[in-house]
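Participant: Structure file entry34.cif (mmCIF, C-alpha atoms) is given on the next line.
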```
data_structure
loop_
_atom_site.label_atom_id
_atom_site.label_comp_id
_atom_site.auth_asym_id
_atom_site.auth_seq_id
_atom_site.Cartn_x
_atom_site.Cartn_y
_atom_site.Cartn_z
CA MET Y 1 -18.53 -138.84 63.60
CA ILE Y 2 -19.65 -141.46 61.08
CA THR Y 3 -21.06 -144.64 62.60
CA ILE Y 4 -19.57 -147.85 61.26
CA PRO Y 5 -22.45 -150.22 60.39
CA LYS Y 6 -22.59 -153.61 62.07
CA LEU Y 7 -23.64 -156.12 59.45
CA LYS Y 8 -25.57 -159.35 59.75
CA ILE Y 9 -24.74 -161.90 57.05
CA ASN Y 10 -26.51 -165.14 56.23
CA GLN Y 11 -25.33 -167.63 53.58
CA ILE Y 12 -27.57 -170.26 51.95
CA ASP Y 13 -26.59 -172.91 49.40
CA ILE Y 14 -29.04 -173.24 46.50
CA ASN Y 15 -28.72 -176.68 44.98
CA LYS Y 16 -31.52 -177.02 42.45
CA ILE Y 17 -31.52 -173.74 40.54
CA THR Y 18 -28.75 -173.03 38.03
CA ASP Y 19 -29.99 -169.81 36.41
CA PHE Y 20 -30.73 -167.26 39.08
CA LYS Y 21 -31.94 -164.67 36.54
CA ASP Y 22 -35.24 -166.51 36.82
CA ILE Y 23 -35.29 -165.66 40.53
CA VAL Y 24 -34.10 -162.08 40.40
CA PHE Y 25 -36.39 -160.95 37.60
CA LYS Y 26 -39.39 -162.14 39.60
CA ASP Y 27 -38.28 -160.67 42.93
CA ASN Y 28 -39.68 -157.38 44.21
CA TYR Y 29 -37.21 -154.58 44.83
CA ASP Y 30 -37.28 -150.86 45.65
CA TYR Y 31 -34.01 -149.39 44.45
CA LEU Y 32 -31.77 -151.77 42.58
CA ARG Y 33 -31.40 -154.99 40.67
CA PHE Y 34 -28.06 -155.78 39.08
CA PHE Y 35 -26.17 -158.51 37.22
CA TRP Y 36 -22.50 -159.15 36.60
CA ASN Y 37 -21.35 -162.12 34.55
CA LYS Y 38 -17.80 -163.09 33.61
CA PRO Y 39 -18.25 -166.54 31.99
CA LYS Y 40 -16.18 -169.36 33.50
CA GLU Y 41 -15.24 -167.13 36.45
CA ILE Y 42 -18.16 -165.72 38.43
CA GLU Y 43 -21.77 -164.71 38.00
CA ILE Y 44 -23.33 -162.26 40.46
CA ALA Y 45 -26.78 -160.79 40.94
CA GLY Y 46 -27.93 -158.38 43.61
CA ILE Y 47 -31.14 -156.83 44.89
CA ASP Y 48 -31.61 -153.58 46.83
CA PHE Y 49 -29.16 -151.74 49.07
CA SER Y 50 -28.03 -152.56 52.56
CA LEU Y 51 -25.84 -149.46 52.39
CA LYS Y 52 -25.30 -146.91 49.61
CA ASN Y 53 -23.31 -143.70 49.16
CA GLU Y 54 -22.89 -141.35 46.20
CA TYR Y 55 -19.87 -139.21 45.34
CA TYR Y 56 -19.01 -136.47 42.86
CA ASN Y 57 -15.21 -136.28 42.74
CA VAL Y 58 -12.09 -138.25 43.64
CA LYS Y 59 -11.67 -136.55 47.02
CA GLU Y 60 -15.14 -137.69 48.09
CA PHE Y 61 -14.43 -141.19 46.79
CA ASN Y 62 -11.24 -141.46 48.83
CA ARG Y 63 -13.03 -140.48 52.03
CA LEU Y 64 -15.79 -142.99 51.33
CA ALA Y 65 -13.19 -145.66 50.54
CA GLN Y 66 -11.79 -145.31 54.06
CA HIS Y 67 -15.29 -145.60 55.48
CA TYR Y 68 -15.85 -148.89 53.62
CA ARG Y 69 -12.43 -150.19 54.71
CA ASN Y 70 -13.58 -149.53 58.28
CA ILE Y 71 -16.76 -151.49 57.59
CA LEU Y 72 -14.72 -154.51 56.48
CA GLU Y 73 -12.48 -154.22 59.56
CA GLU Y 74 -15.38 -153.79 61.98
CA ASN Y 75 -17.21 -156.81 60.55
CA ASN Y 76 -14.17 -158.99 59.92
CA HIS Y 77 -15.36 -161.66 62.37
CA LEU Y 78 -18.32 -162.45 60.08
CA PHE Y 79 -16.16 -163.59 57.16
CA GLU Y 80 -14.33 -166.59 58.51
CA LYS Y 81 -13.65 -169.10 55.69
CA ILE Y 82 -15.83 -167.26 53.16
CA GLU Y 83 -15.19 -164.82 50.31
CA ILE Y 84 -18.09 -162.61 49.31
CA PRO Y 85 -18.09 -159.89 46.63
CA LEU Y 86 -19.43 -157.35 49.09
CA ILE Y 87 -18.64 -153.77 48.04
CA PHE Y 88 -19.74 -152.66 44.56
CA ILE Y 89 -18.57 -149.49 42.84
CA ILE Y 90 -19.70 -147.62 39.72
CA ASN Y 91 -17.40 -144.80 38.65
CA SER Y 92 -17.92 -142.32 35.80
CA PHE Y 93 -15.44 -141.50 33.05
CA ASP Y 94 -14.86 -137.95 34.32
CA ASN Y 95 -15.39 -137.60 38.08
CA GLU Y 96 -14.67 -133.88 38.06
CA SER Y 97 -17.44 -133.03 35.58
CA ILE Y 98 -20.96 -133.57 36.88
CA GLY Y 99 -23.38 -135.39 34.61
CA ASN Y 100 -25.71 -132.39 34.46
CA ARG Y 101 -27.09 -133.16 31.01
CA TYR Y 102 -29.76 -135.65 30.06
CA PRO Y 103 -29.80 -138.63 30.28
CA TRP Y 104 -27.36 -138.58 33.24
CA THR Y 105 -29.12 -135.87 35.27
CA GLU Y 106 -30.54 -138.29 37.87
CA LEU Y 107 -27.30 -140.21 38.41
CA PRO Y 108 -24.21 -139.19 40.39
CA SER Y 109 -20.59 -139.37 39.25
CA GLY Y 110 -20.14 -142.51 41.28
CA ILE Y 111 -21.86 -144.95 43.62
CA ILE Y 112 -20.45 -147.29 46.24
CA PHE Y 113 -22.81 -149.79 47.87
CA ILE Y 114 -23.40 -153.08 49.67
CA PRO Y 115 -26.48 -155.01 48.42
CA LYS Y 116 -29.15 -156.60 50.60
CA LYS Y 117 -29.19 -159.84 48.62
CA ILE Y 118 -26.37 -161.28 46.54
CA TYR Y 119 -26.62 -164.41 44.41
CA ILE Y 120 -23.18 -165.82 43.57
CA LYS Y 121 -22.42 -168.60 41.14
CA ARG Y 122 -18.92 -170.13 40.93
CA ASN Y 123 -18.08 -173.53 39.47
CA ASP Y 124 -21.79 -174.45 39.28
CA ALA Y 125 -22.20 -173.76 43.01
CA LEU Y 126 -24.93 -171.21 43.70
CA LYS Y 127 -25.23 -169.30 46.96
CA LEU Y 128 -27.58 -166.64 48.31
CA ILE Y 129 -26.06 -164.09 50.67
CA THR Y 130 -28.33 -161.77 52.66
CA ILE Y 131 -26.83 -158.71 54.31
CA SER Y 132 -28.53 -156.36 56.74
CA ASN Y 133 -27.35 -153.25 58.55
CA LYS Y 134 -28.21 -153.72 62.23
CA ASN Y 135 -27.50 -150.11 63.21
CA ALA Y 136 -29.95 -148.26 61.02
CA PRO Y 137 -32.81 -148.68 58.53
CA ASN Y 138 -31.76 -148.90 54.90
CA LYS Y 139 -31.49 -145.52 53.27
CA VAL Y 140 -29.45 -143.73 50.65
CA ASN Y 141 -26.87 -141.49 52.33
CA LYS Y 142 -25.99 -138.61 50.05
CA HIS Y 143 -24.56 -136.37 52.75
CA ILE Y 144 -21.93 -138.41 54.52
CA LEU Y 145 -19.39 -135.95 53.07
CA ASN Y 146 -19.20 -132.25 52.46
CA ASP Y 147 -20.44 -131.46 48.98
CA THR Y 148 -17.24 -130.43 47.21
CA ARG Y 149 -18.39 -131.23 43.70
CA SER Y 150 -17.01 -129.14 40.87
CA VAL Y 151 -18.73 -128.14 37.66
CA ASN Y 152 -16.86 -127.87 34.38
CA LYS Y 153 -18.10 -124.70 32.73
CA SER Y 154 -16.08 -124.84 29.52
CA LYS Y 155 -18.12 -124.23 26.40
CA LYS Y 156 -19.18 -127.40 24.61
CA LEU Y 157 -19.10 -127.46 20.85
CA ASN Y 158 -22.05 -129.08 19.11
CA SER Y 159 -19.91 -130.98 16.62
CA THR Y 160 -20.34 -134.09 14.53
CA PHE Y 161 -17.84 -136.88 15.02
CA ILE Y 162 -15.95 -135.96 11.84
CA ASN Y 163 -15.75 -132.31 12.90
CA MET Y 164 -14.46 -133.32 16.32
CA ILE Y 165 -11.66 -135.26 14.66
CA ASP Y 166 -10.87 -132.27 12.43
CA GLN Y 167 -10.68 -129.97 15.47
CA SER Y 168 -8.44 -132.36 17.40
CA MET Y 169 -5.89 -132.90 14.62
CA PRO Y 170 -4.06 -129.53 14.94
CA LEU Y 171 -3.47 -130.30 18.65
CA ILE Y 172 -2.12 -133.73 17.74
CA ASN Y 173 0.06 -132.39 14.93
CA ASN Y 174 1.47 -129.72 17.26
CA ASN Y 175 2.37 -132.47 19.76
CA GLU Y 176 0.08 -131.06 22.46
CA VAL Y 177 -1.51 -134.50 22.67
CA SER Y 178 -0.42 -137.85 21.18
CA LYS Y 179 -3.83 -139.50 21.29
CA VAL Y 180 -7.35 -138.45 22.20
CA VAL Y 181 -10.33 -140.80 22.39
CA LEU Y 182 -13.46 -139.18 20.98
CA SER Y 183 -16.90 -140.71 21.45
CA ARG Y 184 -20.35 -140.64 19.88
CA GLN Y 185 -23.80 -140.95 21.44
CA LYS Y 186 -26.85 -142.43 19.72
CA LYS Y 187 -30.42 -142.11 20.95
CA ILE Y 188 -32.82 -144.90 20.03
CA GLU Y 189 -36.46 -145.44 20.98
CA PHE Y 190 -36.54 -148.77 22.79
CA ASN Y 191 -38.63 -150.18 25.63
CA PHE Y 192 -36.06 -152.12 27.66
CA SER Y 193 -38.61 -154.30 29.46
CA ILE Y 194 -37.72 -156.93 32.05
CA LYS Y 195 -38.10 -159.63 29.41
CA LYS Y 196 -35.74 -157.80 27.06
CA GLN Y 197 -33.24 -157.27 29.89
CA SER Y 198 -33.18 -161.01 30.55
CA LEU Y 199 -32.77 -161.75 26.83
CA PHE Y 200 -29.93 -159.22 26.61
CA LEU Y 201 -28.00 -160.95 29.41
CA SER Y 202 -28.47 -164.41 27.89
CA LYS Y 203 -27.64 -163.29 24.34
CA ALA Y 204 -24.58 -161.30 25.43
CA GLU Y 205 -23.16 -164.32 27.24
CA LEU Y 206 -23.71 -166.45 24.13
CA ASN Y 207 -22.34 -163.96 21.57
CA PHE Y 208 -19.44 -162.60 23.61
CA PRO Y 209 -18.18 -165.32 25.99
CA GLN Y 210 -14.80 -163.53 26.35
CA CYS Y 211 -16.50 -160.39 27.71
CA THR Y 212 -18.08 -159.29 30.97
CA THR Y 213 -21.80 -158.55 30.82
CA PHE Y 214 -23.40 -156.14 33.28
CA LEU Y 215 -26.80 -154.57 33.97
CA TYR Y 216 -27.65 -152.18 36.81
CA ASP Y 217 -31.35 -151.31 37.07
CA PHE Y 218 -31.94 -148.15 39.13
CA LYS Y 219 -35.61 -147.97 38.11
CA ASP Y 220 -36.63 -144.35 37.37
CA GLN Y 221 -33.00 -143.21 37.34
CA GLY Y 222 -32.19 -145.52 34.43
CA ILE Y 223 -30.70 -148.89 33.54
CA PHE Y 224 -26.97 -148.97 32.86
CA PHE Y 225 -25.91 -152.00 30.84
CA GLY Y 226 -23.24 -153.32 28.51
CA VAL Y 227 -20.92 -156.11 27.41
CA THR Y 228 -17.27 -155.08 27.67
CA PRO Y 229 -14.09 -156.84 26.56
CA GLU Y 230 -11.86 -154.65 28.76
CA THR Y 231 -10.69 -155.44 32.29
CA LEU Y 232 -9.29 -152.50 34.25
CA PHE Y 233 -7.73 -154.73 36.90
CA LYS Y 234 -8.15 -157.78 39.11
CA THR Y 235 -6.55 -158.58 42.46
CA LYS Y 236 -6.19 -161.88 44.29
CA GLN Y 237 -4.47 -161.36 47.63
CA LYS Y 238 -1.27 -159.53 46.57
CA GLN Y 239 -1.39 -160.67 42.94
CA PHE Y 240 -2.36 -157.96 40.47
CA TYR Y 241 -3.59 -158.24 36.86
CA THR Y 242 -4.38 -155.59 34.29
CA GLU Y 243 -4.38 -155.28 30.50
CA ALA Y 244 -3.88 -152.87 27.66
CA LEU Y 245 -6.73 -153.21 25.17
CA ALA Y 246 -6.35 -150.75 22.31
CA GLY Y 247 -5.96 -150.92 18.55
CA THR Y 248 -8.99 -152.06 16.57
CA PHE Y 249 -9.30 -153.75 13.20
CA GLN Y 250 -11.33 -156.20 11.15
CA PRO Y 251 -11.50 -159.91 12.13
CA ASN Y 252 -9.81 -161.04 8.91
CA GLU Y 253 -6.67 -158.96 9.59
CA ASP Y 254 -3.63 -160.14 11.52
CA LEU Y 255 -0.60 -158.49 13.11
CA ASN Y 256 1.38 -158.58 9.87
CA SER Y 257 -1.33 -156.85 7.85
CA LEU Y 258 -2.04 -154.05 10.35
CA ASP Y 259 -1.38 -150.38 9.71
CA ARG Y 260 1.41 -150.42 12.28
CA SER Y 261 1.82 -146.66 12.30
CA LYS Y 262 -1.69 -146.27 13.67
CA GLU Y 263 -2.97 -149.33 15.54
CA ILE Y 264 0.36 -150.46 17.02
CA ASP Y 265 1.24 -146.93 18.14
CA GLU Y 266 -2.20 -146.49 19.66
CA HIS Y 267 -1.77 -149.75 21.58
CA ASN Y 268 1.73 -148.87 22.75
CA PHE Y 269 0.51 -145.59 24.28
CA VAL Y 270 -1.64 -147.69 26.62
CA VAL Y 271 1.14 -150.21 27.32
CA ASP Y 272 3.58 -147.46 28.31
CA TYR Y 273 0.99 -145.71 30.49
CA ILE Y 274 0.04 -148.89 32.36
CA ASN Y 275 3.65 -149.95 32.88
CA ASP Y 276 4.45 -146.53 34.36
CA LYS Y 277 1.36 -146.38 36.60
CA ILE Y 278 1.53 -149.88 38.08
CA SER Y 279 5.26 -149.56 38.81
CA LYS Y 280 4.29 -147.02 41.46
CA PHE Y 281 2.18 -149.46 43.49
CA SER Y 282 3.45 -152.93 42.49
CA SER Y 283 6.66 -154.84 41.78
CA ASP Y 284 7.83 -157.87 39.76
CA ILE Y 285 5.98 -156.59 36.69
CA ASP Y 286 5.63 -159.14 33.91
CA PHE Y 287 3.96 -158.44 30.58
CA THR Y 288 3.94 -159.83 27.07
CA ASN Y 289 6.33 -158.07 24.68
CA ILE Y 290 4.17 -158.82 21.64
CA PRO Y 291 0.42 -158.15 21.89
CA PHE Y 292 -1.99 -160.91 20.99
CA LEU Y 293 -5.34 -160.67 19.24
CA LEU Y 294 -8.64 -160.64 21.08
CA LYS Y 295 -11.12 -161.69 18.39
CA LEU Y 296 -14.74 -160.84 19.05
CA ASP Y 297 -17.80 -161.30 16.88
CA SER Y 298 -17.20 -158.48 14.37
CA ILE Y 299 -14.09 -156.74 15.64
CA THR Y 300 -10.59 -157.56 16.88
CA HIS Y 301 -8.42 -155.76 19.44
CA LEU Y 302 -4.76 -155.81 20.36
CA LYS Y 303 -4.25 -156.97 23.93
CA THR Y 304 -1.25 -156.99 26.28
CA GLU Y 305 -1.55 -158.57 29.73
CA PHE Y 306 0.29 -157.40 32.86
CA LYS Y 307 0.90 -159.30 36.08
CA SER Y 308 2.63 -157.96 39.18
CA THR Y 309 2.75 -158.06 42.99
CA LEU Y 310 1.09 -155.31 45.01
CA LYS Y 311 3.18 -153.37 47.49
CA SER Y 312 2.18 -153.27 51.14
CA LYS Y 313 -0.79 -151.11 52.17
CA ILE Y 314 -2.14 -151.06 48.60
CA ASP Y 315 -5.70 -152.27 48.06
CA PRO Y 316 -8.26 -151.98 45.21
CA PHE Y 317 -9.64 -148.69 46.58
CA ASN Y 318 -6.18 -147.14 46.06
CA ILE Y 319 -5.84 -148.40 42.50
CA ILE Y 320 -9.04 -147.27 40.76
CA HIS Y 321 -8.12 -143.63 40.24
CA LYS Y 322 -4.41 -144.32 39.91
CA LEU Y 323 -5.12 -146.38 36.79
CA HIS Y 324 -8.33 -144.96 35.32
CA PRO Y 325 -8.86 -143.40 32.83
CA THR Y 326 -6.22 -145.06 30.67
CA PRO Y 327 -5.25 -143.86 27.17
CA ALA Y 328 -7.55 -146.60 25.84
CA VAL Y 329 -10.61 -144.48 26.75
CA CYS Y 330 -9.15 -140.98 27.25
CA GLY Y 331 -5.84 -140.39 25.48
CA THR Y 332 -2.35 -139.25 26.38
CA PRO Y 333 -1.25 -137.15 28.15
CA THR Y 334 -4.34 -137.67 30.28
CA LYS Y 335 -5.02 -134.12 31.46
CA VAL Y 336 -4.71 -132.60 27.99
CA ALA Y 337 -6.81 -135.34 26.37
CA MET Y 338 -9.49 -134.98 29.06
CA GLN Y 339 -9.78 -131.24 28.48
CA ILE Y 340 -10.12 -131.78 24.72
CA ILE Y 341 -12.92 -134.28 25.37
CA ARG Y 342 -14.69 -131.85 27.70
CA THR Y 343 -14.46 -129.14 25.05
CA LEU Y 344 -15.32 -131.07 21.89
CA GLU Y 345 -17.90 -133.66 22.94
CA SER Y 346 -21.37 -132.16 23.00
CA HIS Y 347 -22.74 -135.06 25.05
CA ASN Y 348 -21.86 -136.12 28.59
CA ARG Y 349 -20.35 -139.62 28.77
CA GLY Y 350 -21.66 -140.27 32.26
CA TRP Y 351 -20.72 -143.82 33.23
CA TYR Y 352 -19.78 -144.82 29.69
CA SER Y 353 -16.01 -145.59 29.59
CA GLY Y 354 -15.92 -145.33 33.36
CA THR Y 355 -15.20 -148.32 35.55
CA LEU Y 356 -17.30 -150.62 37.67
CA GLY Y 357 -16.67 -153.71 39.72
CA TRP Y 358 -16.52 -155.27 43.16
CA ILE Y 359 -14.30 -155.84 46.17
CA ASP Y 360 -14.75 -158.86 48.44
CA ASN Y 361 -14.20 -159.13 52.18
CA ASN Y 362 -10.55 -160.19 51.62
CA TYR Y 363 -9.85 -157.28 49.22
CA ASN Y 364 -9.88 -159.53 46.17
CA SER Y 365 -11.47 -157.57 43.34
CA HIS Y 366 -12.47 -157.34 39.69
CA PHE Y 367 -13.02 -154.04 37.85
CA ILE Y 368 -13.92 -153.56 34.20
CA VAL Y 369 -14.00 -150.57 31.85
CA SER Y 370 -17.59 -149.85 30.86
CA ILE Y 371 -17.20 -149.57 27.09
CA ARG Y 372 -19.79 -151.12 24.72
CA SER Y 373 -22.42 -149.73 27.09
CA GLY Y 374 -25.55 -147.64 27.27
CA LEU Y 375 -28.25 -146.14 29.47
CA SER Y 376 -31.95 -146.91 29.16
CA ILE Y 377 -34.31 -144.24 30.48
CA ASP Y 378 -37.80 -143.03 29.58
CA LYS Y 379 -38.17 -145.78 26.94
CA ASN Y 380 -35.09 -144.51 25.14
CA LEU Y 381 -31.63 -146.01 24.78
CA PHE Y 382 -28.49 -143.89 24.80
CA ILE Y 383 -25.56 -145.93 23.53
CA TYR Y 384 -21.93 -144.92 23.12
CA ALA Y 385 -18.83 -145.74 21.08
CA GLY Y 386 -15.38 -144.18 21.00
CA CYS Y 387 -12.25 -144.27 18.83
CA GLY Y 388 -8.64 -143.38 19.51
CA ILE Y 389 -7.48 -140.51 17.31
CA THR Y 390 -3.77 -140.18 16.51
CA LYS Y 391 -1.74 -138.33 13.89
CA ASN Y 392 -2.24 -141.23 11.46
CA SER Y 393 -6.00 -141.53 11.87
CA ASN Y 394 -8.31 -141.68 8.87
CA LYS Y 395 -11.56 -140.04 9.93
CA GLU Y 396 -13.75 -142.15 7.65
CA LYS Y 397 -12.21 -145.34 9.04
CA GLU Y 398 -12.68 -144.06 12.61
CA TYR Y 399 -16.34 -143.37 11.89
CA HIS Y 400 -16.77 -146.87 10.46
CA GLU Y 401 -15.05 -148.34 13.53
CA SER Y 402 -17.50 -146.51 15.82
CA GLU Y 403 -20.43 -147.97 13.86
CA ILE Y 404 -19.04 -151.49 14.35
CA LYS Y 405 -18.77 -150.83 18.09
CA PHE Y 406 -22.36 -149.56 18.22
CA ASN Y 407 -23.44 -152.75 16.49
CA SER Y 408 -21.94 -154.84 19.30
CA ILE Y 409 -24.79 -153.60 21.49
CA LEU Y 410 -27.49 -153.26 18.83
CA SER Y 411 -27.01 -156.78 17.47
CA ILE Y 412 -27.79 -158.20 20.91
CA LEU Y 413 -30.77 -155.92 21.55
CA ASN Y 414 -32.18 -156.66 18.09
CA ASP Y 415 -31.52 -160.38 18.57
CA GLU Y 416 -29.43 -160.62 15.41
#
```
In structure tokens, what does this structure look like?
Facilitator:
Amino acid sequence: MITIPKLKINQIDINKITDFKDIVFKDNYDYLRFFWNKPKEIEIAGIDFSLKNEYYNVKEFNRLAQHYRNILEENNHLFEKIEIPLIFIINSFDNESIGNRYPWTELPSGIIFIPKKIYIKRNDALKLITISNKNAPNKVNKHILNDTRSVNKSKKLNSTFINMIDQSMPLINNNEVSKVVLSRQKKIEFNFSIKKQSLFLSKAELNFPQCTTFLYDFKDQGIFFGVTPETLFKTKQKQFYTEALAGTFQPNEDLNSLDRSKEIDEHNFVVDYINDKISKFSSDIDFTNIPFLLKLDSITHLKTEFKSTLKSKIDPFNIIHKLHPTPAVCGTPTKVAMQIIRTLESHNRGWYSGTLGWIDNNYNSHFIVSIRSGLSIDKNLFIYAGCGITKNSNKEKEYHESEIKFNSILSILNDE
């Protein structure tokens, strides 16, 4: 029988300090330091674990999700009149394929945890939340579940990006798959020191105010970081929000000048997928019929927003694997596209194009898709970029698009 932790929570208002990065980067920690910043909404930082569990497939995640629901229920009396982002989740792109290749060898498919310290900034109000587990000393629990992990043993082809596109096209032309998202990995020598981490967070917020910036420092296991424009979903009580973000082009283009046969079709695959998926757990679905343009520094995306009402007994834990991975990061149909990715990509994506986010004590939540991201380990950076391949793709243009996406990260790290 799994013991439900009894938590002790203390909340302190911090009135004089507006940038808590100055605090967190100077604080000692053993396992974790993380940041999450969605400008004009919420800024979060955390230190260490009060409770942590790892998982390696969706079945394990679902069992852990029930455990963390029980924690919220057992400790419900502590949360009167407060809302705290309490439960944090990092989920890989492919939960059924273990990250058994460097640089992901030391990291699990997914992590769910409650921090010891959480700094929260909303509307210029800064609070420090401390959380302790009164039942047991802090430790990482890797064996709360039976180890039912599965290993994908399909042969990986050591292909260049262009060759991967060439190998995927016959499957697309034969209508086995309508779209597959293929990714690249770059390795760069780079010492991601604490000073450079702080500069990355500040520069990302300045350069990409529409995006969510994140950084999770697991010390010797690596630092996962990025600045993503894509929200997987948000919940506020029973109100649900998600978005289709797919179709990429140059900032000087507009909807009328787009190659509609490629970018519009690619976007509509995601719209149709999301509309189908969320109709199974929500009602009163409302979405924009015409996508609008999300213009970033050097790239523009098509974006369609969805709003709906969650059905009873649905919470954020239920939604993560019902919605992710979308055709924006995988392809369609999902199972076929996933198998193509497993076969063609010679690198393991790990947490790139996965999802990460938080759930508060009232089941409000915010999850993002971890594109425009990378892992720092052993004084090396591993950064990733992907492109949606359809029957109308031009492989040279797709390669150029991936370079632009790489530059979203590199321009911040190089302080350009």
Participant: Looking at only C-alpha atoms, which of Y:Glu189, Y:Asp220, Y:Glu83, Y:Glu205 is the one that sits closest to Y:Asp30?
Facilitator: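 Ranking Y:Glu189, Y:Asp220, Y:Glu83, Y:Glu205 by distance to Y:Asp30, first place goes to Y:Asp220.
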Participant: At a cut-off of 12 Å, can you tabulate as a tab-separated table every residue of stretch 358-409 of chain Y near stretch 210-213 of chain Y together with its closest atom pair and the distance in Å to one decimal, using all atoms listed in the file and ordering rows by chain then number?
Facilitator:
```
residue	atom	partner	partner_atom	distance
Y:His366	CA	Y:Thr212	CA	10.6
Y:Phe367	CA	Y:Thr212	CA	10.0
Y:Ile368	CA	Y:Thr212	CA	7.8
Y:Val369	CA	Y:Thr212	CA	9.7
Y:Ser370	CA	Y:Thr212	CA	9.5
Y:Ile371	CA	Y:Thr212	CA	10.5
Y:Arg372	CA	Y:Thr213	CA	9.8
Y:Ser373	CA	Y:Thr213	CA	9.6
Y:Ser408	CA	Y:Cys211	CA	11.5
Y:Ile409	CA	Y:Thr213	CA	11.0
```
Participant: Run the PyMOL selection byres ((chain Y and resi 185) around 8) on the file and write out the hits as a PyMOL selection string.
Facilitator: chain Y and resi 183-184+186-187+347+382-385
Participant: With 9 Å as the threshold, what does the neighbourhood of (-19.0, -148.3, 52.9) contain in terms of residues, counting all atoms listed in the file? Coordinates are those of the file; answer as a PDB file with C-alpha atoms, in the frame of the given file.
Facilitator:
```
ATOM      1  CA  ILE Y   4     -19.570-147.850  61.260  1.00  0.00           C
ATOM      2  CA  PRO Y   5     -22.450-150.220  60.390  1.00  0.00           C
ATOM      3  CA  LEU Y  51     -25.840-149.460  52.390  1.00  0.00           C
ATOM      4  CA  LYS Y  52     -25.300-146.910  49.610  1.00  0.00           C
ATOM      5  CA  ASN Y  53     -23.310-143.700  49.160  1.00  0.00           C
ATOM      6  CA  LEU Y  64     -15.790-142.990  51.330  1.00  0.00           C
ATOM      7  CA  ALA Y  65     -13.190-145.660  50.540  1.00  0.00           C
ATOM      8  CA  GLN Y  66     -11.790-145.310  54.060  1.00  0.00           C
ATOM      9  CA  HIS Y  67     -15.290-145.600  55.480  1.00  0.00           C
ATOM     10  CA  TYR Y  68     -15.850-148.890  53.620  1.00  0.00           C
ATOM     11  CA  ARG Y  69     -12.430-150.190  54.710  1.00  0.00           C
ATOM     12  CA  ASN Y  70     -13.580-149.530  58.280  1.00  0.00           C
ATOM     13  CA  ILE Y  71     -16.760-151.490  57.590  1.00  0.00           C
ATOM     14  CA  LEU Y  72     -14.720-154.510  56.480  1.00  0.00           C
ATOM     15  CA  ILE Y  87     -18.640-153.770  48.040  1.00  0.00           C
ATOM     16  CA  ILE Y 112     -20.450-147.290  46.240  1.00  0.00           C
ATOM     17  CA  PHE Y 113     -22.810-149.790  47.870  1.00  0.00           C
ATOM     18  CA  ILE Y 114     -23.400-153.080  49.670  1.00  0.00           C
TER      19      ILE Y 114
END
```
Participant: List the residues selected by the PyMOL selection byres ((chain Y and resi 412) around 10) in the file shown, writing them as a PyMOL selection string.
Facilitator: chain Y and resi 199-208+227+407-411+413-416
Participant: Go through stretch 265-319 of chain Y residue by residue and, counting all atoms listed in the file, keep those with an atom at most 10 Å from stretch 392-403 of chain Y; for each kept residue give the shortest atom pair and its distance in Å to one decimal, ordered by chain and increasing number, as CSV.
Facilitator:
```
residue,atom,partner,partner_atom,distance
Y:Asp265,CA,Y:Asn392,CA,9.4
Y:Glu266,CA,Y:Asn392,CA,9.7
Y:Ile299,CA,Y:Glu401,CA,8.7
```
Participant: Assuming the chain letters and numbering stay as they are in my file, what does the PyMOL selection byres ((chain Y and resi 216) around 10) actually select? List them as a list in words.
Facilitator: Leu32, Arg33, Phe34, Phe35, Trp36, Ala45, Gly46, Ile47, Ile90, Phe214, Leu215, Asp217, Phe218, Lys219, Gly222, Ile223, Phe224, Phe225, Gly226 and Leu375 of chain Y
Participant: Which value, in Å to one decimal, gives the distance between atom CA of Y:Trp358 and atom CA of Y:Thr231?
Facilitator: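 These atoms are spaced 12.3 Å apart.
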Participant: Using all atoms listed in the file and a cutoff of 10 Å, can you tell me which residues are near (-5.3, -150.5, 17.9) in the file's coordinates, and write them out as a count of residues only?
Facilitator: 25
Participant: Quick one, how far is atom CA of Y:Lys21 from atom CA of Y:Ser365?
Facilitator: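 Here the two named atoms are 22.7 Å from each other.
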Participant: Quick one: of Y:Gly110, Y:Gly386, Y:Pro39, Y:Pro229, who's nearest to Y:Glu60, counting all atoms listed in the file?
Facilitator: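 That would be Y:Gly110, the residue with the smallest distance to Y:Glu60.
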Participant: How far is it from atom CA of Y:Ile188 to atom CA of Y:Leu381, in Å with one decimal?
Facilitator: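 Spanning atom CA of Y:Ile188 to atom CA of Y:Leu381 is a straight-line distance of 5.0 Å.
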Participant: Considering only C-alpha atoms, state which residue in the set Y:Leu296, Y:Leu323, Y:Ile359, Y:Leu107 is at the smallest distance from Y:Ile84.
Facilitator: Y:Ile359
